[in-house]
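Participant: Please find one structure pasted underneath; my questions will follow.
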Amino acid sequence: MSMERLDKILASQNTASRKGAGAMIRRGAVAVNGNVVRKADFKVDTQSDEVTINGEILVIRKFLYLMMNKPAGVLSAARDTRVRTVVDLLPPELKRRGLFPAGRLDKDTEGLLIITDDGGFAHRMLAPKSHVFKVYEAVLARPVDAGDIAAFESGVELSDMTCLPAQLQVLEDGGRPLVRVRIREGKFHQVKRMFLARGNEVQQLKRVQI
Ligand code: URA
C-alpha cells in the first residue's frame with residue numbers, strides 16, 4: 001500500500017500546484033472512490049483508490065518515461081537560462097517537476113532520447129557496467145573501408161581511452177556515406193571522436209535505438 005495526501009498526489013501528477021489542488025478539493029471537484037472529498041490531507045492509496053477530477057479518472061503515475069525524437073539545435077538538459085532544452089519542448093500535459101534526460105545527445109545530434117523523473121532507472125541504464133547498446137546512424141565526410149570496420153571491432157584508440165568493441169556497418173556508400181554504429185558506452189562526443197580517430201568526420205548524427 002502506498003498512502004499519500006490527496007493534494008500532494010494532484011500536484012505531483014501536474015494537475016495543479018499544491019495550493020491550486022487544495023482549492024480544487026475544497027470546491028468539491030475531487031472524488032475518491034466516487035465520494036467527494038473536501039480535505040486536502042485526505043489519505044489516498046495510490047495503488048487501489050480511484051481519484052476523479054470533475055468526474056474524470058486521474059491516472060496516477062509514480063514515474064514518467066518519455067521517448068523523444070530530439071531535433072538538432074536543442075540542448076540535452078533539464079533547464080538552461082539561455083538556450084532551449086529538451087524539457088522545454090515537452091507539451092504542458094507532460095511537464096512535471098524532476099524530469100531530466102537520461103543520457104545526453106550533443107546539441108547538433110538528433111534522435112532517441114529518454115526523458116524521465118526516475119533517477120534509479122536512469123542510473124541503471126547509464127551505468128557503464130550495464131552495457132546498454134546504443135545504435136546511431138551517421139553521415140560521414142568520406143567512405144569507410146575494411147580497416148575502419150576492423151578497428152571499430154577491436155576497439156578504437158582515442159587520446160585518453162580505448163573504446164570497447166563496436167560494430168560499424170555501411171548502409172549507403174555513395175557521395176554522402178551513411179553508416180550504422182553500435183556502441184555500448186556513452187563517453188563525451190564518442191561517435192564523432194571514433195571517426196575523427198580514423199581520419200573521417202561525422203557530418204550528421206542520429207540515435208536510432210537504445
Ligand atoms: N556520440 C557523439 O559523438 N555525439 C552524440 O550526441 C552521441 C554519441
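How things are named: the first chain in the C-alpha cells is A, the next is B, and so on; residues count from 1 in each chain; ligands count from 1 in the order shown.
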Would you kindly return, as a ChimeraX atom specification, each protein, DNA or RNA residue with an atom no farther than 8 Å from any atom of Val44 of chain A, considering only C-alpha atoms and excluding same-chain residues fewer than 4 positions away?
Facilitator: /A:2-6,32,49
Participant: Could those residues be written to a file, using C-alpha atoms, as an mmCIF file, in the first residue's frame?
Facilitator:
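Okay, this is what ended up in selection20.cif:
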```cif
data_model
loop_
_atom_site.group_PDB
_atom_site.id
_atom_site.type_symbol
_atom_site.label_atom_id
_atom_site.label_comp_id
_atom_site.auth_asym_id
_atom_site.auth_seq_id
_atom_site.Cartn_x
_atom_site.Cartn_y
_atom_site.Cartn_z
ATOM 1 C CA SER A 2 1.231 3.481 -0.782
ATOM 2 C CA MET A 3 -0.678 6.191 1.079
ATOM 3 C CA GLU A 4 -0.324 9.831 0.070
ATOM 4 C CA ARG A 5 -2.108 13.100 0.750
ATOM 5 C CA LEU A 6 -4.710 13.945 -1.862
ATOM 6 C CA VAL A 32 -12.108 9.299 -4.142
ATOM 7 C CA ASP A 49 -8.127 4.069 -4.843
#
```
Participant: Counting only C-alpha atoms and all ligand atoms, what are the residues of chain A within 6 Å of ligand 1, and for each of them which pair of atoms is the nearest and at what distance in Å, to one decimal? Sort the table by chain and rising number, as JSON lines.
Facilitator:
```
{"residue": "A:Leu105", "atom": "CA", "partner": "ligand 1", "partner_atom_place_in_ligand_line": "6 (O)", "distance": 3.5}
{"residue": "A:Asp106", "atom": "CA", "partner": "ligand 1", "partner_atom_place_in_ligand_line": "6 (O)", "distance": 3.7}
{"residue": "A:Thr109", "atom": "CA", "partner": "ligand 1", "partner_atom_place_in_ligand_line": "6 (O)", "distance": 4.9}
{"residue": "A:His189", "atom": "CA", "partner": "ligand 1", "partner_atom_place_in_ligand_line": "3 (O)", "distance": 3.1}
{"residue": "A:Gln190", "atom": "CA", "partner": "ligand 1", "partner_atom_place_in_ligand_line": "1 (N)", "distance": 4.2}
{"residue": "A:Val191", "atom": "CA", "partner": "ligand 1", "partner_atom_place_in_ligand_line": "1 (N)", "distance": 3.9}
{"residue": "A:Lys192", "atom": "CA", "partner": "ligand 1", "partner_atom_place_in_ligand_line": "3 (O)", "distance": 4.0}
```
Participant: Export, as a PDB file, in the first residue's frame, the selected residues with N, CA and C atoms.
Facilitator:
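Generated output (result-v6.pdb):
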```
ATOM      1  N   LEU A 105      22.512  13.746 -25.741  1.00  0.00           N
ATOM      2  CA  LEU A 105      22.931  13.809 -27.139  1.00  0.00           C
ATOM      3  C   LEU A 105      23.512  15.204 -27.338  1.00  0.00           C
ATOM      4  N   ASP A 106      24.527  15.304 -28.194  1.00  0.00           N
ATOM      5  CA  ASP A 106      25.096  16.617 -28.484  1.00  0.00           C
ATOM      6  C   ASP A 106      24.004  17.533 -29.029  1.00  0.00           C
ATOM      7  N   THR A 109      23.072  16.714 -32.481  1.00  0.00           N
ATOM      8  CA  THR A 109      22.662  15.329 -32.734  1.00  0.00           C
ATOM      9  C   THR A 109      21.141  15.198 -32.585  1.00  0.00           C
ATOM     10  N   HIS A 189      31.031  12.955 -26.816  1.00  0.00           N
ATOM     11  CA  HIS A 189      31.304  13.004 -28.271  1.00  0.00           C
ATOM     12  C   HIS A 189      31.862  11.697 -28.802  1.00  0.00           C
ATOM     13  N   GLN A 190      31.458  10.581 -28.235  1.00  0.00           N
ATOM     14  CA  GLN A 190      32.158   9.335 -28.549  1.00  0.00           C
ATOM     15  C   GLN A 190      32.141   8.961 -30.036  1.00  0.00           C
ATOM     16  N   VAL A 191      30.990   8.972 -30.650  1.00  0.00           N
ATOM     17  CA  VAL A 191      30.923   8.529 -32.051  1.00  0.00           C
ATOM     18  C   VAL A 191      31.744   9.476 -32.932  1.00  0.00           C
ATOM     19  N   LYS A 192      31.591  10.754 -32.699  1.00  0.00           N
ATOM     20  CA  LYS A 192      32.353  11.726 -33.505  1.00  0.00           C
ATOM     21  C   LYS A 192      33.850  11.518 -33.324  1.00  0.00           C
TER      22      LYS A 192
END
```
Participant: Within 12 Å of Thr116 of chain A, counting only C-alpha atoms, which residues qualify if same-chain residues fewer than 2 places away don't, as an mmCIF file with N, CA, C and O atoms, in the first residue's frame?
Facilitator:
```cif
data_model
loop_
_atom_site.group_PDB
_atom_site.id
_atom_site.type_symbol
_atom_site.label_atom_id
_atom_site.label_comp_id
_atom_site.auth_asym_id
_atom_site.auth_seq_id
_atom_site.Cartn_x
_atom_site.Cartn_y
_atom_site.Cartn_z
ATOM 1 N N ARG A 61 0.635 8.227 -11.996
ATOM 2 C CA ARG A 61 1.890 7.617 -12.408
ATOM 3 C C ARG A 61 2.972 8.035 -11.429
ATOM 4 O O ARG A 61 3.227 9.220 -11.254
ATOM 5 N N LYS A 62 3.617 7.049 -10.830
ATOM 6 C CA LYS A 62 4.699 7.361 -9.898
ATOM 7 C C LYS A 62 5.845 8.003 -10.669
ATOM 8 O O LYS A 62 6.371 9.035 -10.296
ATOM 9 N N PHE A 63 6.234 7.375 -11.765
ATOM 10 C CA PHE A 63 7.298 7.929 -12.604
ATOM 11 C C PHE A 63 6.796 8.060 -14.031
ATOM 12 O O PHE A 63 5.862 7.362 -14.441
ATOM 13 N N LEU A 64 7.481 8.906 -14.761
ATOM 14 C CA LEU A 64 7.130 9.118 -16.156
ATOM 15 C C LEU A 64 8.341 8.727 -17.011
ATOM 16 O O LEU A 64 9.491 9.019 -16.638
ATOM 17 N N TYR A 65 8.089 8.047 -18.118
ATOM 18 C CA TYR A 65 9.167 7.666 -19.042
ATOM 19 C C TYR A 65 8.751 8.098 -20.436
ATOM 20 O O TYR A 65 7.737 7.614 -20.944
ATOM 21 N N LEU A 66 9.503 8.999 -21.019
ATOM 22 C CA LEU A 66 9.142 9.536 -22.326
ATOM 23 C C LEU A 66 10.237 9.233 -23.341
ATOM 24 O O LEU A 66 11.419 9.275 -23.006
ATOM 25 N N MET A 67 9.836 8.903 -24.551
ATOM 26 C CA MET A 67 10.794 8.767 -25.649
ATOM 27 C C MET A 67 10.644 9.998 -26.523
ATOM 28 O O MET A 67 9.565 10.260 -27.028
ATOM 29 N N MET A 68 11.731 10.738 -26.697
ATOM 30 C CA MET A 68 11.674 11.919 -27.559
ATOM 31 C C MET A 68 12.528 11.697 -28.799
ATOM 32 O O MET A 68 13.603 11.105 -28.714
ATOM 33 N N ALA A 77 19.368 18.847 -21.604
ATOM 34 C CA ALA A 77 19.495 19.232 -20.192
ATOM 35 C C ALA A 77 18.099 19.469 -19.666
ATOM 36 O O ALA A 77 17.135 19.547 -20.443
ATOM 37 N N ALA A 78 17.983 19.560 -18.337
ATOM 38 C CA ALA A 78 16.670 19.794 -17.750
ATOM 39 C C ALA A 78 16.264 21.253 -17.961
ATOM 40 O O ALA A 78 15.212 21.545 -18.483
ATOM 41 N N VAL A 86 15.593 20.123 -24.086
ATOM 42 C CA VAL A 86 14.624 19.087 -24.450
ATOM 43 C C VAL A 86 13.402 19.111 -23.525
ATOM 44 O O VAL A 86 12.290 18.826 -23.963
ATOM 45 N N VAL A 87 13.600 19.476 -22.264
ATOM 46 C CA VAL A 87 12.470 19.532 -21.329
ATOM 47 C C VAL A 87 11.537 20.701 -21.697
ATOM 48 O O VAL A 87 10.317 20.598 -21.569
ATOM 49 N N LEU A 90 8.655 19.784 -24.128
ATOM 50 C CA LEU A 90 7.552 18.893 -23.764
ATOM 51 C C LEU A 90 6.235 19.655 -23.738
ATOM 52 O O LEU A 90 6.181 20.803 -23.303
ATOM 53 N N LEU A 94 2.634 16.973 -20.258
ATOM 54 C CA LEU A 94 3.673 16.003 -19.884
ATOM 55 C C LEU A 94 4.749 16.612 -18.992
ATOM 56 O O LEU A 94 5.623 15.926 -18.491
ATOM 57 N N LYS A 95 4.693 17.936 -18.812
ATOM 58 C CA LYS A 95 5.724 18.574 -17.996
ATOM 59 C C LYS A 95 5.429 18.325 -16.536
ATOM 60 O O LYS A 95 4.286 18.505 -16.095
ATOM 61 N N ARG A 96 6.423 17.908 -15.804
ATOM 62 C CA ARG A 96 6.270 17.893 -14.355
ATOM 63 C C ARG A 96 7.640 17.990 -13.720
ATOM 64 O O ARG A 96 8.649 17.817 -14.389
ATOM 65 N N ARG A 97 7.628 18.289 -12.442
ATOM 66 C CA ARG A 97 8.886 18.529 -11.741
ATOM 67 C C ARG A 97 9.798 17.318 -11.815
ATOM 68 O O ARG A 97 9.338 16.179 -11.811
ATOM 69 N N GLY A 98 11.119 17.558 -11.896
ATOM 70 C CA GLY A 98 12.072 16.469 -11.775
ATOM 71 C C GLY A 98 12.394 15.740 -13.070
ATOM 72 O O GLY A 98 13.180 14.804 -13.058
ATOM 73 N N LEU A 99 11.832 16.136 -14.187
ATOM 74 C CA LEU A 99 12.147 15.448 -15.452
ATOM 75 C C LEU A 99 13.535 15.854 -15.934
ATOM 76 O O LEU A 99 13.925 17.024 -15.853
ATOM 77 N N PHE A 100 14.258 14.876 -16.445
ATOM 78 C CA PHE A 100 15.593 15.164 -16.983
ATOM 79 C C PHE A 100 15.906 14.118 -18.063
ATOM 80 O O PHE A 100 15.327 13.029 -18.062
ATOM 81 N N PRO A 101 16.830 14.439 -18.975
ATOM 82 C CA PRO A 101 17.191 13.447 -19.986
ATOM 83 C C PRO A 101 18.113 12.388 -19.387
ATOM 84 O O PRO A 101 19.099 12.731 -18.729
ATOM 85 N N ALA A 102 17.786 11.114 -19.595
ATOM 86 C CA ALA A 102 18.642 10.020 -19.119
ATOM 87 C C ALA A 102 19.690 9.766 -20.193
ATOM 88 O O ALA A 102 19.475 9.004 -21.121
ATOM 89 N N GLY A 103 20.810 10.452 -20.077
ATOM 90 C CA GLY A 103 21.850 10.406 -21.103
ATOM 91 C C GLY A 103 21.715 11.625 -21.995
ATOM 92 O O GLY A 103 20.659 12.244 -22.037
ATOM 93 N N LEU A 113 15.938 10.007 -27.340
ATOM 94 C CA LEU A 113 16.366 10.454 -26.020
ATOM 95 C C LEU A 113 15.283 10.037 -25.042
ATOM 96 O O LEU A 113 14.101 10.225 -25.317
ATOM 97 N N ILE A 114 15.692 9.448 -23.926
ATOM 98 C CA ILE A 114 14.711 9.074 -22.911
ATOM 99 C C ILE A 114 14.687 10.156 -21.840
ATOM 100 O O ILE A 114 15.735 10.554 -21.334
ATOM 101 N N ASP A 118 12.648 9.237 -13.031
ATOM 102 C CA ASP A 118 13.040 8.064 -12.239
ATOM 103 C C ASP A 118 14.572 7.963 -12.222
ATOM 104 O O ASP A 118 15.188 7.422 -13.138
ATOM 105 N N GLY A 119 15.161 8.521 -11.157
ATOM 106 C CA GLY A 119 16.615 8.576 -11.057
ATOM 107 C C GLY A 119 17.260 7.202 -11.005
ATOM 108 O O GLY A 119 18.323 6.990 -11.589
ATOM 109 N N GLY A 120 16.608 6.261 -10.330
ATOM 110 C CA GLY A 120 17.163 4.911 -10.223
ATOM 111 C C GLY A 120 17.247 4.229 -11.578
ATOM 112 O O GLY A 120 18.248 3.617 -11.927
ATOM 113 N N PHE A 121 16.184 4.380 -12.350
ATOM 114 C CA PHE A 121 16.158 3.807 -13.700
ATOM 115 C C PHE A 121 17.266 4.416 -14.562
ATOM 116 O O PHE A 121 18.003 3.697 -15.255
ATOM 117 N N ALA A 122 17.387 5.748 -14.516
ATOM 118 C CA ALA A 122 18.399 6.426 -15.334
ATOM 119 C C ALA A 122 19.793 5.944 -14.941
ATOM 120 O O ALA A 122 20.633 5.668 -15.801
ATOM 121 N N HIS A 123 20.003 5.807 -13.657
ATOM 122 C CA HIS A 123 21.313 5.371 -13.173
ATOM 123 C C HIS A 123 21.646 3.969 -13.689
ATOM 124 O O HIS A 123 22.743 3.713 -14.166
ATOM 125 N N MET A 125 20.417 2.491 -16.301
ATOM 126 C CA MET A 125 20.570 2.478 -17.752
ATOM 127 C C MET A 125 21.923 3.047 -18.181
ATOM 128 O O MET A 125 22.527 2.597 -19.151
#
```
Participant: By how many Å are atom CA of Asp160 of chain A and atom CA of Gly111 of chain A apart?
Facilitator: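 Pair atom CA of Asp160 of chain A / atom CA of Gly111 of chain A returns 26.9 Å.
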Participant: Counting only C-alpha atoms, what is within 7 Å of segment 177-187 of chain A, bar same-chain residues fewer than 2 positions away, as a count of residues only?
Facilitator: 25
Participant: So, with only C-alpha atoms as the atoms that count, which of A:Ala40, A:Asp145, A:Glu201, A:Met1 lies closest to Arg18 of chain A?
Facilitator: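 For Arg18 of chain A, the nearest of the given residues is A:Ala40.
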Participant: So which bits of segment 6-195 of chain A end up strand (DSSP E) when you DSSP the backbone, as a PyMOL selection string?
Facilitator: chain A and resi 30-32+35-36+43-45+51-53+56-57+65-70+100-101+110-116+134-140+167-172+178-183
Participant: Could you write out that same residue set with C-alpha atoms as an mmCIF file, in the first residue's frame?
Facilitator:
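Contents of the output file result.cif:
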```cif
data_model
loop_
_atom_site.group_PDB
_atom_site.id
_atom_site.type_symbol
_atom_site.label_atom_id
_atom_site.label_comp_id
_atom_site.auth_asym_id
_atom_site.auth_seq_id
_atom_site.Cartn_x
_atom_site.Cartn_y
_atom_site.Cartn_z
ATOM 1 C CA VAL A 30 -12.336 15.830 -6.465
ATOM 2 C CA ALA A 31 -13.730 12.435 -5.503
ATOM 3 C CA VAL A 32 -12.108 9.299 -4.142
ATOM 4 C CA ASN A 35 -17.221 10.126 -2.851
ATOM 5 C CA VAL A 36 -16.406 13.831 -2.951
ATOM 6 C CA LYS A 43 -5.018 9.932 2.613
ATOM 7 C CA VAL A 44 -5.303 8.020 -0.636
ATOM 8 C CA ASP A 45 -3.940 4.601 -1.541
ATOM 9 C CA VAL A 51 -9.383 9.516 -7.864
ATOM 10 C CA THR A 52 -11.578 11.558 -10.183
ATOM 11 C CA ILE A 53 -11.459 15.273 -11.022
ATOM 12 C CA GLU A 56 -12.617 12.190 -14.974
ATOM 13 C CA ILE A 57 -10.348 9.435 -13.737
ATOM 14 C CA TYR A 65 9.167 7.666 -19.042
ATOM 15 C CA LEU A 66 9.142 9.536 -22.326
ATOM 16 C CA MET A 67 10.794 8.767 -25.649
ATOM 17 C CA MET A 68 11.674 11.919 -27.559
ATOM 18 C CA ASN A 69 12.854 12.224 -31.131
ATOM 19 C CA LYS A 70 15.209 15.080 -30.311
ATOM 20 C CA PHE A 100 15.593 15.164 -16.983
ATOM 21 C CA PRO A 101 17.191 13.447 -19.986
ATOM 22 C CA GLU A 110 19.113 14.122 -33.367
ATOM 23 C CA GLY A 111 17.158 11.079 -32.389
ATOM 24 C CA LEU A 112 16.109 8.933 -29.475
ATOM 25 C CA LEU A 113 16.366 10.454 -26.020
ATOM 26 C CA ILE A 114 14.711 9.074 -22.911
ATOM 27 C CA ILE A 115 13.327 11.662 -20.510
ATOM 28 C CA THR A 116 12.246 10.548 -17.059
ATOM 29 C CA LYS A 134 23.009 2.384 -28.467
ATOM 30 C CA VAL A 135 22.710 2.493 -32.227
ATOM 31 C CA TYR A 136 23.497 5.583 -34.283
ATOM 32 C CA GLU A 137 23.258 6.466 -37.945
ATOM 33 C CA ALA A 138 25.922 8.839 -39.185
ATOM 34 C CA VAL A 139 26.504 10.713 -42.415
ATOM 35 C CA LEU A 140 30.269 10.860 -42.970
ATOM 36 C CA GLN A 167 30.077 -2.519 -34.778
ATOM 37 C CA LEU A 168 30.322 -0.437 -37.924
ATOM 38 C CA GLN A 169 28.079 -1.205 -40.861
ATOM 39 C CA VAL A 170 27.830 0.599 -44.204
ATOM 40 C CA LEU A 171 24.253 1.449 -45.199
ATOM 41 C CA GLU A 172 24.918 3.665 -48.227
ATOM 42 C CA LEU A 178 25.694 6.601 -44.389
ATOM 43 C CA VAL A 179 26.759 4.151 -41.686
ATOM 44 C CA ARG A 180 25.282 2.472 -38.635
ATOM 45 C CA VAL A 181 27.330 2.302 -35.440
ATOM 46 C CA ARG A 182 26.511 0.173 -32.417
ATOM 47 C CA ILE A 183 28.311 1.048 -29.174
#
```
Participant: Please, what distance in Å, to one decimal, runs between atom CA of Ala23 of chain A and atom CA of Lys39 of chain A?
Facilitator: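 About the pair atom CA of Ala23 of chain A and atom CA of Lys39 of chain A: they are 9.9 Å apart.
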Participant: Just the number, please: distance in Å from atom CA of Ala141 of chain A to atom CA of Gln203 of chain A, one decimal.
Facilitator: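 Result for atom CA of Ala141 of chain A versus atom CA of Gln203 of chain A: 6.4 Å, one decimal.
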Participant: If you run DSSP over the backbone, which residues in segment 119-162 of chain A end up alpha helix (DSSP H)? Put them as a list in words.
Facilitator: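 Here is the list: Gly119, Gly120, Phe121, Ala122, His123, Arg124, Met125, Leu126, Ala146, Gly147, Asp148, Ile149, Ala150, Ala151, Phe152, Glu153 and Ser154 of chain A.
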Participant: For a quick check of understanding, using only C-alpha atoms, which of A:Ala16, A:Met161, A:Met194, A:Ile9 has the smallest distance to Pro92 of chain A?
Facilitator: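 Closest candidate: A:Ala16.
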